[in-house]
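Participant: Have a look at this one.
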Amino acid sequence: MDNNLDVKATRGFAAAGLKFEAYVWVLNLLDARNPVQVYGSSGSATSTRWLDTEDGQNYLTTAAGAGQDGQLLYDLAQNNPNFYTNRAWFRFGNPDQLLA
């Protein structure tokens with residue numbers, strides 16, 4: 001289920017004898033991270049759960065022996081921003097296309 005909050009505000013005004021209408025439209029105002037895809041091995045958008053396997057544990061041990069944070073490196077590798085809806089978008093415009 002998406003947890004998006006979209007808001008649109010429109011304001012009409014007159015200038016130089018012409019009537020204009022402008023709007024501000026915010027999509028995903030609260031900047032919620034809604035998963036749209038998951039890893040098949042785990043059913044999660046944040047983890048493959050490979051580090052829970054014997055091979056994953058061996059990787060962590062090897063990385064620690066080399067002075068590296070294996071957990072951090074693996075988290076960076078599996079973080080896929082395409083698995084989530086778009087971040088907050090702000091749109092400004094004129095429905096009559098008279099303003100840029």
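Order determines the names: the first chain of the structure tokens is A, the second B, and so forth; residues in each chain are numbered 1 upward, and ligands are numbered 1 upward as they are shown.
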Report as a ChimeraX atom specification: the residues of chain A with a DSSP assignment of strand (DSSP E or B), based on the backbone of this structure.
Facilitator: /A:7-15,18-27,35,84,89-93
Participant: Store the residues picked out above in a file with N, CA, C and O atoms, as an mmCIF file, in the first residue's frame.
Facilitator:
```
data_model
loop_
_atom_site.group_PDB
_atom_site.id
_atom_site.type_symbol
_atom_site.label_atom_id
_atom_site.label_comp_id
_atom_site.auth_asym_id
_atom_site.auth_seq_id
_atom_site.Cartn_x
_atom_site.Cartn_y
_atom_site.Cartn_z
ATOM 1 N N VAL A 7 -0.579 16.889 -2.913
ATOM 2 C CA VAL A 7 -1.291 18.131 -2.640
ATOM 3 C C VAL A 7 -1.185 19.030 -3.862
ATOM 4 O O VAL A 7 -0.117 19.152 -4.468
ATOM 5 N N LYS A 8 -2.300 19.673 -4.218
ATOM 6 C CA LYS A 8 -2.304 20.632 -5.314
ATOM 7 C C LYS A 8 -3.072 21.870 -4.874
ATOM 8 O O LYS A 8 -4.188 21.771 -4.368
ATOM 9 N N ALA A 9 -2.459 23.043 -5.060
ATOM 10 C CA ALA A 9 -3.097 24.309 -4.726
ATOM 11 C C ALA A 9 -3.101 25.186 -5.975
ATOM 12 O O ALA A 9 -2.096 25.279 -6.675
ATOM 13 N N THR A 10 -4.239 25.802 -6.246
ATOM 14 C CA THR A 10 -4.396 26.656 -7.421
ATOM 15 C C THR A 10 -4.808 28.040 -6.960
ATOM 16 O O THR A 10 -5.609 28.189 -6.037
ATOM 17 N N ARG A 11 -4.257 29.047 -7.626
ATOM 18 C CA ARG A 11 -4.595 30.438 -7.282
ATOM 19 C C ARG A 11 -4.809 31.230 -8.563
ATOM 20 O O ARG A 11 -3.979 31.201 -9.469
ATOM 21 N N GLY A 12 -5.934 31.922 -8.644
ATOM 22 C CA GLY A 12 -6.219 32.795 -9.771
ATOM 23 C C GLY A 12 -5.887 34.236 -9.416
ATOM 24 O O GLY A 12 -6.016 34.645 -8.270
ATOM 25 N N PHE A 13 -5.407 35.009 -10.390
ATOM 26 C CA PHE A 13 -5.122 36.420 -10.167
ATOM 27 C C PHE A 13 -5.210 37.163 -11.496
ATOM 28 O O PHE A 13 -5.227 36.566 -12.566
ATOM 29 N N ALA A 14 -5.277 38.483 -11.390
ATOM 30 C CA ALA A 14 -5.375 39.321 -12.588
ATOM 31 C C ALA A 14 -4.190 40.281 -12.625
ATOM 32 O O ALA A 14 -3.755 40.792 -11.600
ATOM 33 N N ALA A 15 -3.674 40.500 -13.826
ATOM 34 C CA ALA A 15 -2.569 41.439 -14.027
ATOM 35 C C ALA A 15 -2.691 42.018 -15.426
ATOM 36 O O ALA A 15 -2.902 41.274 -16.393
ATOM 37 N N LEU A 18 -5.481 40.945 -17.654
ATOM 38 C CA LEU A 18 -5.574 39.528 -18.026
ATOM 39 C C LEU A 18 -5.771 38.693 -16.762
ATOM 40 O O LEU A 18 -5.273 39.033 -15.696
ATOM 41 N N LYS A 19 -6.487 37.604 -16.900
ATOM 42 C CA LYS A 19 -6.685 36.687 -15.780
ATOM 43 C C LYS A 19 -5.731 35.502 -15.940
ATOM 44 O O LYS A 19 -5.621 34.922 -17.024
ATOM 45 N N PHE A 20 -5.063 35.178 -14.863
ATOM 46 C CA PHE A 20 -4.117 34.064 -14.859
ATOM 47 C C PHE A 20 -4.488 33.089 -13.753
ATOM 48 O O PHE A 20 -5.160 33.460 -12.783
ATOM 49 N N GLU A 21 -4.020 31.898 -13.898
ATOM 50 C CA GLU A 21 -4.176 30.881 -12.862
ATOM 51 C C GLU A 21 -2.854 30.142 -12.761
ATOM 52 O O GLU A 21 -2.283 29.737 -13.781
ATOM 53 N N ALA A 22 -2.353 29.989 -11.550
ATOM 54 C CA ALA A 22 -1.097 29.270 -11.329
ATOM 55 C C ALA A 22 -1.343 28.167 -10.299
ATOM 56 O O ALA A 22 -2.287 28.241 -9.508
ATOM 57 N N TYR A 23 -0.495 27.161 -10.321
ATOM 58 C CA TYR A 23 -0.653 26.080 -9.349
ATOM 59 C C TYR A 23 0.688 25.592 -8.834
ATOM 60 O O TYR A 23 1.722 25.756 -9.474
ATOM 61 N N VAL A 24 0.631 24.998 -7.663
ATOM 62 C CA VAL A 24 1.748 24.264 -7.066
ATOM 63 C C VAL A 24 1.205 22.868 -6.805
ATOM 64 O O VAL A 24 0.162 22.700 -6.193
ATOM 65 N N TRP A 25 1.928 21.879 -7.289
ATOM 66 C CA TRP A 25 1.489 20.493 -7.150
ATOM 67 C C TRP A 25 2.645 19.705 -6.556
ATOM 68 O O TRP A 25 3.728 19.658 -7.126
ATOM 69 N N VAL A 26 2.426 19.094 -5.407
ATOM 70 C CA VAL A 26 3.464 18.316 -4.742
ATOM 71 C C VAL A 26 3.028 16.859 -4.725
ATOM 72 O O VAL A 26 1.969 16.521 -4.196
ATOM 73 N N LEU A 27 3.844 16.008 -5.313
ATOM 74 C CA LEU A 27 3.593 14.565 -5.325
ATOM 75 C C LEU A 27 4.491 13.915 -4.280
ATOM 76 O O LEU A 27 5.688 14.201 -4.222
ATOM 77 N N PRO A 35 7.937 0.594 -1.556
ATOM 78 C CA PRO A 35 8.529 -0.410 -2.447
ATOM 79 C C PRO A 35 7.587 -0.776 -3.591
ATOM 80 O O PRO A 35 6.388 -0.929 -3.390
ATOM 81 N N TYR A 84 11.841 1.514 -5.420
ATOM 82 C CA TYR A 84 10.936 2.391 -4.678
ATOM 83 C C TYR A 84 10.266 3.395 -5.596
ATOM 84 O O TYR A 84 10.772 3.717 -6.660
ATOM 85 N N TRP A 89 8.132 15.236 -5.530
ATOM 86 C CA TRP A 89 8.239 16.055 -6.739
ATOM 87 C C TRP A 89 7.451 17.324 -6.508
ATOM 88 O O TRP A 89 6.330 17.291 -6.012
ATOM 89 N N PHE A 90 8.022 18.436 -6.918
ATOM 90 C CA PHE A 90 7.339 19.723 -6.848
ATOM 91 C C PHE A 90 7.148 20.221 -8.265
ATOM 92 O O PHE A 90 8.111 20.308 -9.029
ATOM 93 N N ARG A 91 5.914 20.529 -8.619
ATOM 94 C CA ARG A 91 5.594 21.036 -9.956
ATOM 95 C C ARG A 91 4.918 22.398 -9.815
ATOM 96 O O ARG A 91 4.088 22.590 -8.960
ATOM 97 N N PHE A 92 5.288 23.306 -10.692
ATOM 98 C CA PHE A 92 4.713 24.625 -10.728
ATOM 99 C C PHE A 92 4.252 24.874 -12.140
ATOM 100 O O PHE A 92 4.903 24.460 -13.101
ATOM 101 N N GLY A 93 3.158 25.566 -12.313
ATOM 102 C CA GLY A 93 2.719 25.815 -13.677
ATOM 103 C C GLY A 93 1.451 26.628 -13.761
ATOM 104 O O GLY A 93 0.928 27.131 -12.764
#
```
Participant: Applying 12 Å and only C-alpha atoms, which residues near Ala77 in chain A remain after dropping the ones on its own chain fewer than 5 positions away? List them as a PyMOL selection string.
Facilitator: chain A and resi 46-48+50+70-72
Participant: Write to file, as a CSV table (one decimal), in the first residue's frame, the residues of the selection just made, with C-alpha atoms.
Facilitator:
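Saved the output as out-v2.csv:
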```csv
chain,number,residue,atom,x,y,z
A,46,THR,CA,16.0,-3.8,1.4
A,47,SER,CA,17.9,-7.1,1.6
A,48,THR,CA,18.6,-10.2,-0.4
A,50,TRP,CA,22.5,-13.4,1.4
A,70,GLY,CA,31.6,-6.1,4.9
A,71,GLN,CA,28.1,-5.3,6.1
A,72,LEU,CA,28.3,-1.7,4.9
```
Participant: Please provide the set of residues having any atom within 8 Å of Asp31 in chain A, restricted to only C-alpha atoms, with same-chain residues fewer than 5 positions apart removed, written as a list in words.
Facilitator: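 So, after excluding close chain neighbours, the residues are Asn4, Arg87 and Ala88 of chain A.
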Participant: With N, CA, C and O atoms kept, could you save the residues just selected as a short mmCIF file (atom, residue, chain, number, x, y, z; two decimals), in the first residue's frame?
Facilitator:
```
data_model
loop_
_atom_site.label_atom_id
_atom_site.label_comp_id
_atom_site.auth_asym_id
_atom_site.auth_seq_id
_atom_site.Cartn_x
_atom_site.Cartn_y
_atom_site.Cartn_z
N ASN A 4 1.62 7.71 0.04
CA ASN A 4 1.85 9.02 -0.57
C ASN A 4 0.79 10.01 -0.12
O ASN A 4 -0.36 9.67 0.09
N ARG A 87 10.81 9.94 -5.25
CA ARG A 87 10.86 10.84 -4.10
C ARG A 87 9.89 11.99 -4.34
O ARG A 87 9.23 12.06 -5.36
N ALA A 88 9.81 12.93 -3.41
CA ALA A 88 8.89 14.06 -3.53
C ALA A 88 9.19 14.87 -4.80
O ALA A 88 10.34 15.12 -5.12
#
```
Participant: From a DSSP calculation on the backbone, collect every residue of chain A in helix (DSSP H, G or I) and output the set as a ChimeraX atom specification.
Facilitator: /A:50-52,54-65,70-78,81-83
Participant: Selection from above, C-alpha atoms, as an mmCIF file, in the first residue's frame, can you write it?
Facilitator:
```
data_model
loop_
_atom_site.group_PDB
_atom_site.id
_atom_site.type_symbol
_atom_site.label_atom_id
_atom_site.label_comp_id
_atom_site.auth_asym_id
_atom_site.auth_seq_id
_atom_site.Cartn_x
_atom_site.Cartn_y
_atom_site.Cartn_z
ATOM 1 C CA TRP A 50 22.528 -13.449 1.400
ATOM 2 C CA LEU A 51 24.575 -12.388 4.421
ATOM 3 C CA ASP A 52 22.483 -14.838 6.488
ATOM 4 C CA GLU A 54 27.103 -19.597 5.098
ATOM 5 C CA ASP A 55 28.715 -17.928 2.049
ATOM 6 C CA GLY A 56 27.585 -14.539 3.345
ATOM 7 C CA GLN A 57 29.071 -15.174 6.762
ATOM 8 C CA ASN A 58 32.346 -16.265 5.141
ATOM 9 C CA TYR A 59 32.340 -13.004 3.153
ATOM 10 C CA LEU A 60 31.894 -10.958 6.346
ATOM 11 C CA THR A 61 34.764 -12.813 8.024
ATOM 12 C CA THR A 62 37.056 -12.288 5.010
ATOM 13 C CA ALA A 63 36.140 -8.595 4.779
ATOM 14 C CA ALA A 64 36.783 -8.081 8.506
ATOM 15 C CA GLY A 65 40.178 -9.776 8.123
ATOM 16 C CA GLY A 70 31.587 -6.123 4.900
ATOM 17 C CA GLN A 71 28.062 -5.310 6.107
ATOM 18 C CA LEU A 72 28.330 -1.694 4.942
ATOM 19 C CA LEU A 73 29.804 -2.663 1.567
ATOM 20 C CA TYR A 74 27.123 -5.259 0.957
ATOM 21 C CA ASP A 75 24.332 -2.874 2.000
ATOM 22 C CA LEU A 76 25.630 -0.327 -0.500
ATOM 23 C CA ALA A 77 25.696 -2.967 -3.236
ATOM 24 C CA GLN A 78 22.151 -4.216 -2.647
ATOM 25 C CA PRO A 81 16.661 2.993 -5.673
ATOM 26 C CA ASN A 82 14.626 1.582 -8.581
ATOM 27 C CA PHE A 83 12.802 -0.646 -6.081
#
```
Participant: Could you work out how far CA of Asn34 in chain A lies from CA of Thr85 in chain A, giving the answer in Å with one decimal?
Facilitator: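 Separation of CA of Thr85 in chain A and CA of Asn34 in chain A: 5.4 Å.
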Participant: What separation in Å, quoted to one decimal, exists between CA of Tyr39 in chain A and CA of Thr53 in chain A?
Facilitator: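 Calculated distance between CA of Tyr39 in chain A and CA of Thr53 in chain A is 15.4 Å.
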